[in-house]
Structure formats: structure tokens, C-alpha cells
Amino acid sequence: TLRVDIRQLPQDASAAQKAVVEEKRQKLAARISKFHETADAMSDGIEVDAGMEHVDDIRFCAADMEEQGLEAADLEVASEETGEEECRIWMPSSIHHQDGLPLGLRALQAEELQLRQGQANDCLEKLRQALGHKAIIYRQHFRSADSTWMGTRSKQEAHRCRIKIDKCVRSYQRARNALQRLGLDDDTLRKVYQEIQPSQLSVDKEVTEENRYGQGSDRLAWFWRVNNSQDSPEDEWMDEFYRVNWLKAKARWQRWEEELSLVRHEMGWTVGWFRYKKEAWEQRYHQATKCGHQAYCTATSALVGKVLTGWGKFFQGQDDHSHLIVVLSVLF
């Protein structure tokens, strides 16, 4: 929170605002010092480096400073300033799990691994609730605002939700980085605790553009499908969000089921059409009176029969359709 307060500090901050930040810095420095004393006692005074310092992703810090009109470059410059908020805190995850084994930190790292998993799950749960809240704001307030005052108030509330969303993402990133250093298996990191991209945090279109083009292939971000059924508290907003997306998923499933049925029928219609054409040319052969006409009907019937056989094998998955393109180009 101190980093957020510093990012939200205006460029022409008053003495009182700077004093408040400095007071928070002093309190944080005292807490860090006390924490290190306790950590030294628990680790029997093991002398190790504090490890890599975590740097917040700039993509999830912009909302804190939008009101100040600063850009990403300003955020990079601001992140270079050092203070108590940038102090390194020693944790078992500060070093790689393989380097911690010779130091006797296996038990501490195993315990922190469980705590970090709980922290990541809590961050994902808070992230889902914040995104659902933001969607409700757009539906109930932003779109139905009948005055400039209501519209401005709704925008401010949506902006506060965005700040909360970014905070949840930053906390999740810290927990995920710690899990990587603690030796969590790659399969769990790839399937459960994945990276969060900015494009996955937008739920506005689900409300503001319900009938937009291309939503038939939309999919919820991965964190909506992780740890969200049993451990989540009851929330009307989330129930509504999941209900709507479940109905949309059901509609997509029914639409693709119908498409599959149509494709199967079209495959049968294609084979039937070529069979009909083959029989028609055979009938014309028997009706022809000239040798040239009979020869043409025989050649065309054989060509159509080859296409008929090829499509039958292709639809059964027994052959490719490369030669059919050549035959069809001759026919048509």
C-alpha cells in the first residue's frame, strides 16, 4: 500500500502529504527491522543474501497514477527511487529451493510454499470478485446514468475497481514468483497458476456489447475456472456472472452440436449428389445413339465415380482430398 500511496502522490505534493508518506515509511522500516530479527532467530543466524527484489509490473500500475496524468515512462523513473518500500525482506523464497537445501531451509521453504499457494488462491478469488463488481457497475450504473454527475460518479467507482484489480494482480504475481523459486512443479504453474495478461482482465464487453460480433468463440480467462466452485463465498454478483457465462457456454455447445449435425448431413448430401450424377451419365450412355456421345458419357461417368469414391474415403478419414481438387477442376 505504501507503493500505491507514493504512486498516487501528486507531483506538487504538499508538506502534509509528504509527511504522511514519510511517517508510513518509518513505520514500515520498524516492521521490517523487527521481522528480520525474528527471521534471524528462526534461521539460527544463517547469513544469506536477500535474493532478487520483486519489481511490480508497469502494466498493472498505470491505474494508480492515471489521475496524475503520468505515463509508463514516468512509472519507470519513479520505480528507480529507493526507499523503505523498496527494501528487501528475507524469506525462504528469497533463494532458490536447491540452494536452500544445504542451508537447512527445506522445512521453512515447504511451509512457505503452502502459504504462498493460499495467498495466490486468495488473490485470484479477490480478482474474480473485483472483476464481477466492475461488470455490475457497468450494467447498473454506467450505462443507465441519466446525468453528468451520475456518469462521473460511475466512472470514479469503476476506476476504483480497476485499482483494486491491479492490486490483486500484483499480489498474485508476487506469490507466483515465490512459488517458482520454492520449486513448485512446472505442470502446476502451467495449468493452475498461470501468467495473467492485461487482455484477460476486461469484462466490460460482456455487459456493454452483449450482441457484438465474434463472441461465439469467446472464452473466459483461465482464472475463472480455477478454485471457484467450492471455496468461494456466496456472492450474488459472482452467481450472476457465472450464470450468464454458463448460459453462453451452453448456447455455444448447442450451436456447435447443430453445426456438427449439419456437416454430417452435408457430407451425405455431397456423396448422394455425385452418386446421382454418376447414374445420370450412365443413363445418358444408354440413351445415346452415336459412338462419340457414348464415349463422352462413359468418360464423364468414370470421372464422377472417381470423385464419389474419393469423397467417400475422405469423409471416412481413409484418404486425403488433394487428388479431388484436380478432378473437380476438370469437372467444373
# chains A, B, ... in the order shown; residues from 1 in each chain; ligands from 1
>>> residues_around(residues="A:Arg264", least_positions_apart="6", cutoff="12 Å", atoms="only C-alpha atoms", output="number ranges by chain")
A: 257-258, 270-271, 315-316
>>> select_by_dssp(residues="stretch 96-230 of chain A", states="helix (DSSP H, G or I)", output="VMD selection string")
chain A and resid 97 to 100 106 to 142 148 to 181 186 to 191 198 to 201 205 to 208 215 to 217 222 to 225
>>> write_last_selection(atoms="C-alpha atoms", output="mmCIF file, in the first residue's frame")
data_model
loop_
_atom_site.group_PDB
_atom_site.id
_atom_site.type_symbol
_atom_site.label_atom_id
_atom_site.label_comp_id
_atom_site.auth_asym_id
_atom_site.auth_seq_id
_atom_site.Cartn_x
_atom_site.Cartn_y
_atom_site.Cartn_z
ATOM 1 C CA HIS A 97 14.969 -24.078 -3.320
ATOM 2 C CA GLN A 98 18.027 -26.080 -4.406
ATOM 3 C CA ASP A 99 20.349 -23.531 -2.799
ATOM 4 C CA GLY A 100 18.292 -23.657 0.394
ATOM 5 C CA ARG A 106 13.840 -27.243 3.477
ATOM 6 C CA ALA A 107 11.192 -27.170 6.206
ATOM 7 C CA LEU A 108 10.797 -23.398 6.047
ATOM 8 C CA GLN A 109 10.538 -23.428 2.262
ATOM 9 C CA ALA A 110 7.928 -26.201 2.344
ATOM 10 C CA GLU A 111 5.857 -24.208 4.824
ATOM 11 C CA GLU A 112 6.134 -21.024 2.782
ATOM 12 C CA LEU A 113 5.160 -22.969 -0.336
ATOM 13 C CA GLN A 114 1.805 -23.830 1.236
ATOM 14 C CA LEU A 115 1.312 -20.268 2.451
ATOM 15 C CA ARG A 116 2.132 -18.848 -0.989
ATOM 16 C CA GLN A 117 -0.364 -21.194 -2.625
ATOM 17 C CA GLY A 118 -3.026 -19.939 -0.229
ATOM 18 C CA GLN A 119 -2.007 -16.356 -0.986
ATOM 19 C CA ALA A 120 -2.278 -16.967 -4.730
ATOM 20 C CA ASN A 121 -5.724 -18.566 -4.325
ATOM 21 C CA ASP A 122 -6.924 -15.637 -2.206
ATOM 22 C CA CYS A 123 -5.647 -13.137 -4.785
ATOM 23 C CA LEU A 124 -7.431 -14.966 -7.597
ATOM 24 C CA GLU A 125 -10.668 -15.030 -5.583
ATOM 25 C CA LYS A 126 -10.443 -11.299 -4.865
ATOM 26 C CA LEU A 127 -9.624 -10.679 -8.527
ATOM 27 C CA ARG A 128 -12.732 -12.533 -9.665
ATOM 28 C CA GLN A 129 -14.911 -10.605 -7.221
ATOM 29 C CA ALA A 130 -13.432 -7.268 -8.326
ATOM 30 C CA LEU A 131 -13.995 -8.078 -11.998
ATOM 31 C CA GLY A 132 -17.563 -9.164 -11.279
ATOM 32 C CA HIS A 133 -18.142 -5.961 -9.327
ATOM 33 C CA LYS A 134 -16.798 -3.928 -12.223
ATOM 34 C CA ALA A 135 -19.182 -5.662 -14.632
ATOM 35 C CA ILE A 136 -22.123 -4.910 -12.348
ATOM 36 C CA ILE A 137 -21.089 -1.245 -12.184
ATOM 37 C CA TYR A 138 -21.132 -1.021 -15.974
ATOM 38 C CA ARG A 139 -24.513 -2.733 -16.160
ATOM 39 C CA GLN A 140 -26.393 -0.983 -13.351
ATOM 40 C CA HIS A 141 -24.809 2.459 -13.173
ATOM 41 C CA PHE A 142 -22.582 3.426 -16.080
ATOM 42 C CA THR A 148 -23.286 14.024 -15.985
ATOM 43 C CA TRP A 149 -22.975 13.729 -12.214
ATOM 44 C CA MET A 150 -24.098 10.101 -12.213
ATOM 45 C CA GLY A 151 -21.839 9.293 -15.157
ATOM 46 C CA THR A 152 -18.805 10.843 -13.468
ATOM 47 C CA ARG A 153 -19.558 9.062 -10.212
ATOM 48 C CA SER A 154 -19.883 5.737 -12.029
ATOM 49 C CA LYS A 155 -16.561 6.309 -13.794
ATOM 50 C CA GLN A 156 -14.875 7.043 -10.484
ATOM 51 C CA GLU A 157 -16.302 3.876 -8.974
ATOM 52 C CA ALA A 158 -15.153 1.847 -11.991
ATOM 53 C CA HIS A 159 -11.687 3.404 -11.683
ATOM 54 C CA ARG A 160 -11.503 2.371 -8.024
ATOM 55 C CA CYS A 161 -12.399 -1.158 -9.095
ATOM 56 C CA ARG A 162 -9.581 -1.081 -11.630
ATOM 57 C CA ILE A 163 -7.112 -0.011 -8.932
ATOM 58 C CA LYS A 164 -8.288 -2.930 -6.796
ATOM 59 C CA ILE A 165 -7.943 -5.305 -9.757
ATOM 60 C CA ASP A 166 -4.371 -4.183 -10.428
ATOM 61 C CA LYS A 167 -3.514 -4.598 -6.755
ATOM 62 C CA CYS A 168 -4.815 -8.174 -6.784
ATOM 63 C CA VAL A 169 -2.780 -8.948 -9.902
ATOM 64 C CA ARG A 170 0.400 -7.514 -8.384
ATOM 65 C CA SER A 171 -0.097 -9.587 -5.215
ATOM 66 C CA TYR A 172 -0.703 -12.689 -7.318
ATOM 67 C CA GLN A 173 2.461 -12.048 -9.327
ATOM 68 C CA ARG A 174 4.497 -11.825 -6.127
ATOM 69 C CA ALA A 175 3.061 -15.113 -4.887
ATOM 70 C CA ARG A 176 3.643 -16.808 -8.247
ATOM 71 C CA ASN A 177 7.260 -15.661 -8.440
ATOM 72 C CA ALA A 178 7.803 -17.001 -4.921
ATOM 73 C CA LEU A 179 6.243 -20.339 -5.915
ATOM 74 C CA GLN A 180 8.654 -20.604 -8.818
ATOM 75 C CA ARG A 181 11.653 -20.047 -6.548
ATOM 76 C CA ASP A 186 6.099 -26.785 -13.827
ATOM 77 C CA ASP A 187 2.863 -28.657 -14.540
ATOM 78 C CA THR A 188 1.054 -26.850 -11.690
ATOM 79 C CA LEU A 189 2.482 -23.498 -12.744
ATOM 80 C CA ARG A 190 1.407 -24.090 -16.329
ATOM 81 C CA LYS A 191 -2.121 -25.355 -15.599
ATOM 82 C CA PRO A 198 -3.977 -7.385 -19.261
ATOM 83 C CA SER A 199 -6.306 -8.588 -22.031
ATOM 84 C CA GLN A 200 -7.767 -11.180 -19.630
ATOM 85 C CA LEU A 201 -8.988 -8.529 -17.190
ATOM 86 C CA LYS A 205 -17.787 -6.006 -23.296
ATOM 87 C CA GLU A 206 -19.821 -8.770 -21.673
ATOM 88 C CA VAL A 207 -22.131 -6.010 -20.454
ATOM 89 C CA THR A 208 -21.792 -3.075 -22.829
ATOM 90 C CA GLN A 215 -18.343 -13.560 -29.199
ATOM 91 C CA GLY A 216 -19.255 -17.084 -30.268
ATOM 92 C CA SER A 217 -15.599 -18.040 -29.864
ATOM 93 C CA TRP A 222 -8.193 -19.311 -17.039
ATOM 94 C CA PHE A 223 -8.551 -17.889 -13.502
ATOM 95 C CA TRP A 224 -12.368 -18.056 -13.757
ATOM 96 C CA ARG A 225 -12.089 -21.832 -13.935
#
